$ cat structure_34.pdb   # PDB, C-alpha atoms, pLDDT in the B column
ATOM      1  CA  MET A  14     129.807 124.290  95.511  1.00 75.00           C
ATOM      2  CA  ARG A  15     128.771 124.580  91.889  1.00 82.00           C
ATOM      3  CA  LEU A  16     126.587 127.680  92.041  1.00 90.00           C
ATOM      4  CA  SER A  17     127.602 131.195  91.107  1.00 89.00           C
ATOM      5  CA  ASP A  18     127.181 134.094  93.520  1.00 93.00           C
ATOM      6  CA  ASP A  19     124.379 135.358  91.282  1.00 95.00           C
ATOM      7  CA  GLN A  20     122.574 131.997  91.450  1.00 94.00           C
ATOM      8  CA  VAL A  21     122.914 131.900  95.237  1.00 96.00           C
ATOM      9  CA  ARG A  22     121.501 135.427  95.475  1.00 97.00           C
ATOM     10  CA  HIS A  23     118.482 134.463  93.343  1.00 96.00           C
ATOM     11  CA  ILE A  24     117.856 131.350  95.439  1.00 97.00           C
ATOM     12  CA  VAL A  25     118.064 133.164  98.775  1.00 98.00           C
ATOM     13  CA  ASN A  26     115.975 136.127  97.596  1.00 97.00           C
ATOM     14  CA  ALA A  27     113.232 133.922  96.132  1.00 97.00           C
ATOM     15  CA  THR A  28     113.137 131.824  99.305  1.00 97.00           C
ATOM     16  CA  HIS A  29     112.858 134.877 101.540  1.00 97.00           C
ATOM     17  CA  GLU A  30     110.202 136.512  99.368  1.00 97.00           C
ATOM     18  CA  LEU A  31     108.024 133.400  99.245  1.00 97.00           C
ATOM     19  CA  ALA A  32     108.748 131.643 102.560  1.00 97.00           C
ATOM     20  CA  GLY A  33     109.616 134.622 104.764  1.00 95.00           C
ATOM     21  CA  HIS A  34     112.855 136.219 105.861  1.00 95.00           C
ATOM     22  CA  ASP A  35     113.244 133.756 108.713  1.00 95.00           C
ATOM     23  CA  ALA A  36     113.382 130.807 106.282  1.00 97.00           C
ATOM     24  CA  GLN A  37     116.745 129.156 105.734  1.00 97.00           C
ATOM     25  CA  VAL A  38     117.757 127.441 102.499  1.00 98.00           C
ATOM     26  CA  ARG A  39     120.371 124.717 102.160  1.00 97.00           C
ATOM     27  CA  LEU A  40     121.975 123.341  99.029  1.00 96.00           C
ATOM     28  CA  PHE A  41     122.567 119.600  99.152  1.00 94.00           C
ATOM     29  CA  GLY A  42     123.272 116.783  96.739  1.00 90.00           C
ATOM     30  CA  SER A  43     125.503 116.675  93.672  1.00 85.00           C
ATOM     31  CA  ARG A  44     125.945 120.455  93.338  1.00 82.00           C
ATOM     32  CA  LEU A  45     128.169 120.378  96.425  1.00 87.00           C
ATOM     33  CA  ASN A  46     130.714 118.250  94.559  1.00 77.00           C
ATOM     34  CA  ASP A  47     133.059 120.635  92.756  1.00 73.00           C
ATOM     35  CA  SER A  48     134.509 117.885  90.566  1.00 71.00           C
ATOM     36  CA  ALA A  49     131.128 116.692  89.261  1.00 72.00           C
ATOM     37  CA  ARG A  50     129.332 118.062  86.221  1.00 73.00           C
ATOM     38  CA  GLY A  51     125.672 118.780  85.604  1.00 68.00           C
ATOM     39  CA  GLY A  52     123.084 117.631  88.097  1.00 76.00           C
ATOM     40  CA  ASP A  53     119.968 119.216  89.464  1.00 89.00           C
ATOM     41  CA  ILE A  54     119.821 121.845  92.178  1.00 94.00           C
ATOM     42  CA  ASP A  55     118.583 120.258  95.419  1.00 94.00           C
ATOM     43  CA  LEU A  56     117.325 122.695  98.042  1.00 97.00           C
ATOM     44  CA  LEU A  57     115.948 122.282 101.543  1.00 98.00           C
ATOM     45  CA  VAL A  58     113.890 125.247 102.747  1.00 98.00           C
ATOM     46  CA  GLU A  59     113.468 125.245 106.519  1.00 97.00           C
ATOM     47  CA  CYS A  60     110.658 127.376 107.891  1.00 97.00           C
ATOM     48  CA  ALA A  61     110.406 128.217 111.582  1.00 93.00           C
ATOM     49  CA  ARG A  62     106.653 128.770 111.280  1.00 94.00           C
ATOM     50  CA  PRO A  63     104.067 126.241 110.079  1.00 95.00           C
ATOM     51  CA  VAL A  64     103.423 126.295 106.336  1.00 96.00           C
ATOM     52  CA  ALA A  65      99.793 125.792 105.319  1.00 94.00           C
ATOM     53  CA  ARG A  66     100.618 124.237 101.940  1.00 95.00           C
ATOM     54  CA  PRO A  67     104.266 123.111 101.808  1.00 96.00           C
ATOM     55  CA  VAL A  68     103.954 121.447  98.395  1.00 95.00           C
ATOM     56  CA  TRP A  69     102.514 124.662  96.941  1.00 97.00           C
ATOM     57  CA  LEU A  70     105.334 126.696  98.494  1.00 98.00           C
ATOM     58  CA  ALA A  71     107.921 124.298  97.019  1.00 97.00           C
ATOM     59  CA  ALA A  72     106.262 124.633  93.591  1.00 97.00           C
ATOM     60  CA  GLN A  73     106.254 128.436  93.811  1.00 97.00           C
ATOM     61  CA  ILE A  74     109.945 128.553  94.746  1.00 97.00           C
ATOM     62  CA  THR A  75     110.799 126.106  91.961  1.00 97.00           C
ATOM     63  CA  ALA A  76     108.893 128.111  89.357  1.00 96.00           C
ATOM     64  CA  ARG A  77     110.467 131.402  90.447  1.00 96.00           C
ATOM     65  CA  LEU A  78     113.946 129.900  90.304  1.00 96.00           C
ATOM     66  CA  GLN A  79     113.401 128.272  86.921  1.00 95.00           C
ATOM     67  CA  ARG A  80     112.454 131.669  85.514  1.00 94.00           C
ATOM     68  CA  ALA A  81     115.493 133.313  87.108  1.00 94.00           C
ATOM     69  CA  LEU A  82     118.085 130.582  86.526  1.00 92.00           C
ATOM     70  CA  GLY A  83     116.841 129.030  83.315  1.00 87.00           C
ATOM     71  CA  ASP A  84     114.829 125.917  82.743  1.00 78.00           C
ATOM     72  CA  ARG A  85     116.888 123.457  84.764  1.00 83.00           C
ATOM     73  CA  LYS A  86     115.927 120.703  87.177  1.00 92.00           C
ATOM     74  CA  ILE A  87     115.378 122.161  90.652  1.00 95.00           C
ATOM     75  CA  ASP A  88     114.127 120.080  93.564  1.00 96.00           C
ATOM     76  CA  VAL A  89     112.789 121.968  96.576  1.00 97.00           C
ATOM     77  CA  LEU A  90     111.867 120.326  99.873  1.00 97.00           C
ATOM     78  CA  VAL A  91     110.020 122.382 102.474  1.00 97.00           C
ATOM     79  CA  LEU A  92     110.495 121.538 106.127  1.00 96.00           C
ATOM     80  CA  ASP A  93     108.364 123.184 108.812  1.00 96.00           C
ATOM     81  CA  PRO A  94     107.653 122.292 112.477  1.00 95.00           C
ATOM     82  CA  ALA A  95     104.792 119.969 111.446  1.00 93.00           C
ATOM     83  CA  THR A  96     106.816 117.989 108.883  1.00 94.00           C
ATOM     84  CA  VAL A  97     107.693 114.428 109.804  1.00 93.00           C
ATOM     85  CA  LEU A  98     111.440 114.097 109.272  1.00 94.00           C
ATOM     86  CA  GLU A  99     112.308 111.682 106.495  1.00 95.00           C
ATOM     87  CA  PRO A 100     115.819 110.366 105.748  1.00 96.00           C
ATOM     88  CA  VAL A 101     116.222 112.885 102.898  1.00 94.00           C
ATOM     89  CA  HIS A 102     115.613 115.751 105.341  1.00 94.00           C
ATOM     90  CA  GLN A 103     118.227 114.370 107.723  1.00 95.00           C
ATOM     91  CA  VAL A 104     120.794 114.016 104.933  1.00 94.00           C
ATOM     92  CA  ALA A 105     120.058 117.535 103.641  1.00 95.00           C
ATOM     93  CA  ARG A 106     120.520 118.965 107.138  1.00 94.00           C
ATOM     94  CA  ALA A 107     123.694 117.005 107.838  1.00 95.00           C
ATOM     95  CA  GLU A 108     125.426 117.485 104.492  1.00 93.00           C
ATOM     96  CA  GLY A 109     123.810 120.631 103.131  1.00 95.00           C
ATOM     97  CA  VAL A 110     125.352 124.083 103.013  1.00 96.00           C
ATOM     98  CA  VAL A 111     123.320 127.065 104.185  1.00 97.00           C
ATOM     99  CA  LEU A 112     123.098 129.634 101.389  1.00 96.00           C
ATOM    100  CA  ARG A 113     123.497 133.311 102.204  1.00 94.00           C
ATOM    101  CA  ALA A 114     123.107 136.195  99.778  1.00 83.00           C
TER
END
$ encode --input "structure_34.pdb" --output "structure tokens"
Amino acid sequence: MRLSDDQVRHIVNATHELAGHDAQVRLFGSRLNDSARGGDIDLLVECARPVARPVWLAAQITARLQRALGDRKIDVLVLDPATVLEPVHQVARAEGVVLRA
């Protein structure tokens, strides 16, 4: 996984502050490949409770992380009980790694 402990801590803390402490965040995509270089940070935020405005929550998490981690490409998907599962959600769940601070 190509994230530092400090980056993981920022990601988990921002997710918990904005989505709640019961939210879980997974890293998926190219950052899981240790031999690759570059690439954006792909995150799946899973919320146990319904989220009124998931796109707004994703934007807030992205903005917070860009301030903390530098202006890099960060993609955040929010999944709550009302979200219709798309293939990208299934891949993120199957291949993603749960981040813990």
$ resolve_selection --input "structure_34.pdb" --expression "the PyMOL selection byres ((chain A and resi 58-67) around 10)" --output "PyMOL selection string"
chain A and resi 25+28-29+32-40+56-57+68-74+89-96+102+105-106+111
$ write_last_selection --input "structure_34.pdb" --atoms "C-alpha atoms" --output "mmCIF file, keeping the file's coordinate frame"
data_model
loop_
_atom_site.group_PDB
_atom_site.id
_atom_site.type_symbol
_atom_site.label_atom_id
_atom_site.label_comp_id
_atom_site.auth_asym_id
_atom_site.auth_seq_id
_atom_site.Cartn_x
_atom_site.Cartn_y
_atom_site.Cartn_z
ATOM 1 C CA VAL A 25 118.064 133.164 98.775
ATOM 2 C CA THR A 28 113.137 131.824 99.305
ATOM 3 C CA HIS A 29 112.858 134.877 101.540
ATOM 4 C CA ALA A 32 108.748 131.643 102.560
ATOM 5 C CA GLY A 33 109.616 134.622 104.764
ATOM 6 C CA HIS A 34 112.855 136.219 105.861
ATOM 7 C CA ASP A 35 113.244 133.756 108.713
ATOM 8 C CA ALA A 36 113.382 130.807 106.282
ATOM 9 C CA GLN A 37 116.745 129.156 105.734
ATOM 10 C CA VAL A 38 117.757 127.441 102.499
ATOM 11 C CA ARG A 39 120.371 124.717 102.160
ATOM 12 C CA LEU A 40 121.975 123.341 99.029
ATOM 13 C CA LEU A 56 117.325 122.695 98.042
ATOM 14 C CA LEU A 57 115.948 122.282 101.543
ATOM 15 C CA VAL A 68 103.954 121.447 98.395
ATOM 16 C CA TRP A 69 102.514 124.662 96.941
ATOM 17 C CA LEU A 70 105.334 126.696 98.494
ATOM 18 C CA ALA A 71 107.921 124.298 97.019
ATOM 19 C CA ALA A 72 106.262 124.633 93.591
ATOM 20 C CA GLN A 73 106.254 128.436 93.811
ATOM 21 C CA ILE A 74 109.945 128.553 94.746
ATOM 22 C CA VAL A 89 112.789 121.968 96.576
ATOM 23 C CA LEU A 90 111.867 120.326 99.873
ATOM 24 C CA VAL A 91 110.020 122.382 102.474
ATOM 25 C CA LEU A 92 110.495 121.538 106.127
ATOM 26 C CA ASP A 93 108.364 123.184 108.812
ATOM 27 C CA PRO A 94 107.653 122.292 112.477
ATOM 28 C CA ALA A 95 104.792 119.969 111.446
ATOM 29 C CA THR A 96 106.816 117.989 108.883
ATOM 30 C CA HIS A 102 115.613 115.751 105.341
ATOM 31 C CA ALA A 105 120.058 117.535 103.641
ATOM 32 C CA ARG A 106 120.520 118.965 107.138
ATOM 33 C CA VAL A 111 123.320 127.065 104.185
#
$ closest_residue --input "structure_34.pdb" --among "A:Arg22, A:Arg44, A:Arg15, A:Arg50" --to "Ala81 (chain A)" --atoms "only C-alpha atoms"
A:Arg22
$ closest_residue --input "structure_34.pdb" --among "A:Lys86, A:Val101, A:Asn46, A:Ala114" --to "Ile24 (chain A)" --atoms "all atoms listed in the file"
A:Ala114
$ atom_distance --input "structure_34.pdb" --atom1 "CA of Gly52 (chain A)" --atom2 "CA of Glu30 (chain A)"
25.5 Å
$ atom_distance --input "structure_34.pdb" --atom1 "CA of Ala27 (chain A)" --atom2 "CA of Gln79 (chain A)"
10.8 Å
$ closest_residue --input "structure_34.pdb" --among "A:Leu45, A:Leu31, A:Val97, A:Ile54" --to "Arg77 (chain A)" --atoms "all atoms listed in the file"
A:Leu31
$ closest_residue --input "structure_34.pdb" --among "A:Phe41, A:Met14, A:Ala49, A:Val110" --to "Ile87 (chain A)" --atoms "only C-alpha atoms"
A:Phe41
$ atom_distance --input "structure_34.pdb" --atom1 "CA of His23 (chain A)" --atom2 "CA of Asp88 (chain A)"
15.0 Å
$ build_atoms --input "structure_34.pdb" --residues "region 18-38 of chain A" --atoms "N, CA and C atoms" --output "PDB file, in the frame of the given file"
ATOM      1  N   ASP A  18     127.692 133.150  92.520  1.00 93.00           N
ATOM      2  CA  ASP A  18     127.181 134.094  93.520  1.00 93.00           C
ATOM      3  C   ASP A  18     125.814 134.634  93.111  1.00 93.00           C
ATOM      4  N   ASP A  19     125.647 134.857  91.810  1.00 95.00           N
ATOM      5  CA  ASP A  19     124.379 135.358  91.282  1.00 95.00           C
ATOM      6  C   ASP A  19     123.270 134.321  91.488  1.00 95.00           C
ATOM      7  N   GLN A  20     123.562 133.053  91.237  1.00 94.00           N
ATOM      8  CA  GLN A  20     122.574 131.997  91.450  1.00 94.00           C
ATOM      9  C   GLN A  20     122.189 131.892  92.925  1.00 94.00           C
ATOM     10  N   VAL A  21     123.180 131.959  93.791  1.00 96.00           N
ATOM     11  CA  VAL A  21     122.914 131.900  95.237  1.00 96.00           C
ATOM     12  C   VAL A  21     122.018 133.065  95.643  1.00 96.00           C
ATOM     13  N   ARG A  22     122.306 134.245  95.150  1.00 97.00           N
ATOM     14  CA  ARG A  22     121.501 135.427  95.475  1.00 97.00           C
ATOM     15  C   ARG A  22     120.048 135.236  95.038  1.00 97.00           C
ATOM     16  N   HIS A  23     119.846 134.720  93.830  1.00 96.00           N
ATOM     17  CA  HIS A  23     118.482 134.463  93.343  1.00 96.00           C
ATOM     18  C   HIS A  23     117.762 133.447  94.227  1.00 96.00           C
ATOM     19  N   ILE A  24     118.458 132.399  94.605  1.00 97.00           N
ATOM     20  CA  ILE A  24     117.856 131.350  95.439  1.00 97.00           C
ATOM     21  C   ILE A  24     117.453 131.904  96.798  1.00 97.00           C
ATOM     22  N   VAL A  25     118.351 132.616  97.439  1.00 98.00           N
ATOM     23  CA  VAL A  25     118.064 133.164  98.775  1.00 98.00           C
ATOM     24  C   VAL A  25     116.949 134.203  98.694  1.00 98.00           C
ATOM     25  N   ASN A  26     117.014 135.089  97.722  1.00 97.00           N
ATOM     26  CA  ASN A  26     115.975 136.127  97.596  1.00 97.00           C
ATOM     27  C   ASN A  26     114.601 135.526  97.332  1.00 97.00           C
ATOM     28  N   ALA A  27     114.519 134.563  96.427  1.00 97.00           N
ATOM     29  CA  ALA A  27     113.232 133.922  96.132  1.00 97.00           C
ATOM     30  C   ALA A  27     112.689 133.214  97.370  1.00 97.00           C
ATOM     31  N   THR A  28     113.563 132.530  98.085  1.00 97.00           N
ATOM     32  CA  THR A  28     113.137 131.824  99.305  1.00 97.00           C
ATOM     33  C   THR A  28     112.600 132.806 100.330  1.00 97.00           C
ATOM     34  N   HIS A  29     113.307 133.889 100.552  1.00 97.00           N
ATOM     35  CA  HIS A  29     112.858 134.877 101.540  1.00 97.00           C
ATOM     36  C   HIS A  29     111.560 135.559 101.115  1.00 97.00           C
ATOM     37  N   GLU A  30     111.428 135.863  99.847  1.00 97.00           N
ATOM     38  CA  GLU A  30     110.202 136.512  99.368  1.00 97.00           C
ATOM     39  C   GLU A  30     108.990 135.602  99.506  1.00 97.00           C
ATOM     40  N   LEU A  31     109.162 134.323  99.257  1.00 97.00           N
ATOM     41  CA  LEU A  31     108.024 133.400  99.245  1.00 97.00           C
ATOM     42  C   LEU A  31     107.794 132.673 100.575  1.00 97.00           C
ATOM     43  N   ALA A  32     108.875 132.411 101.318  1.00 97.00           N
ATOM     44  CA  ALA A  32     108.748 131.643 102.560  1.00 97.00           C
ATOM     45  C   ALA A  32     108.945 132.496 103.804  1.00 97.00           C
ATOM     46  N   GLY A  33     109.368 133.738 103.630  1.00 95.00           N
ATOM     47  CA  GLY A  33     109.616 134.622 104.764  1.00 95.00           C
ATOM     48  C   GLY A  33     111.100 134.781 105.029  1.00 95.00           C
ATOM     49  N   HIS A  34     111.440 135.905 105.625  1.00 95.00           N
ATOM     50  CA  HIS A  34     112.855 136.219 105.861  1.00 95.00           C
ATOM     51  C   HIS A  34     113.490 135.360 106.936  1.00 95.00           C
ATOM     52  N   ASP A  35     112.677 134.649 107.706  1.00 95.00           N
ATOM     53  CA  ASP A  35     113.244 133.756 108.713  1.00 95.00           C
ATOM     54  C   ASP A  35     113.497 132.351 108.158  1.00 95.00           C
ATOM     55  N   ALA A  36     113.136 132.111 106.905  1.00 97.00           N
ATOM     56  CA  ALA A  36     113.382 130.807 106.282  1.00 97.00           C
ATOM     57  C   ALA A  36     114.864 130.676 105.952  1.00 97.00           C
ATOM     58  N   GLN A  37     115.345 129.454 106.043  1.00 97.00           N
ATOM     59  CA  GLN A  37     116.745 129.156 105.734  1.00 97.00           C
ATOM     60  C   GLN A  37     116.761 128.157 104.579  1.00 97.00           C
ATOM     61  N   VAL A  38     117.678 128.345 103.650  1.00 98.00           N
ATOM     62  CA  VAL A  38     117.757 127.441 102.499  1.00 98.00           C
ATOM     63  C   VAL A  38     119.134 126.804 102.454  1.00 98.00           C
TER      64      VAL A  38
END
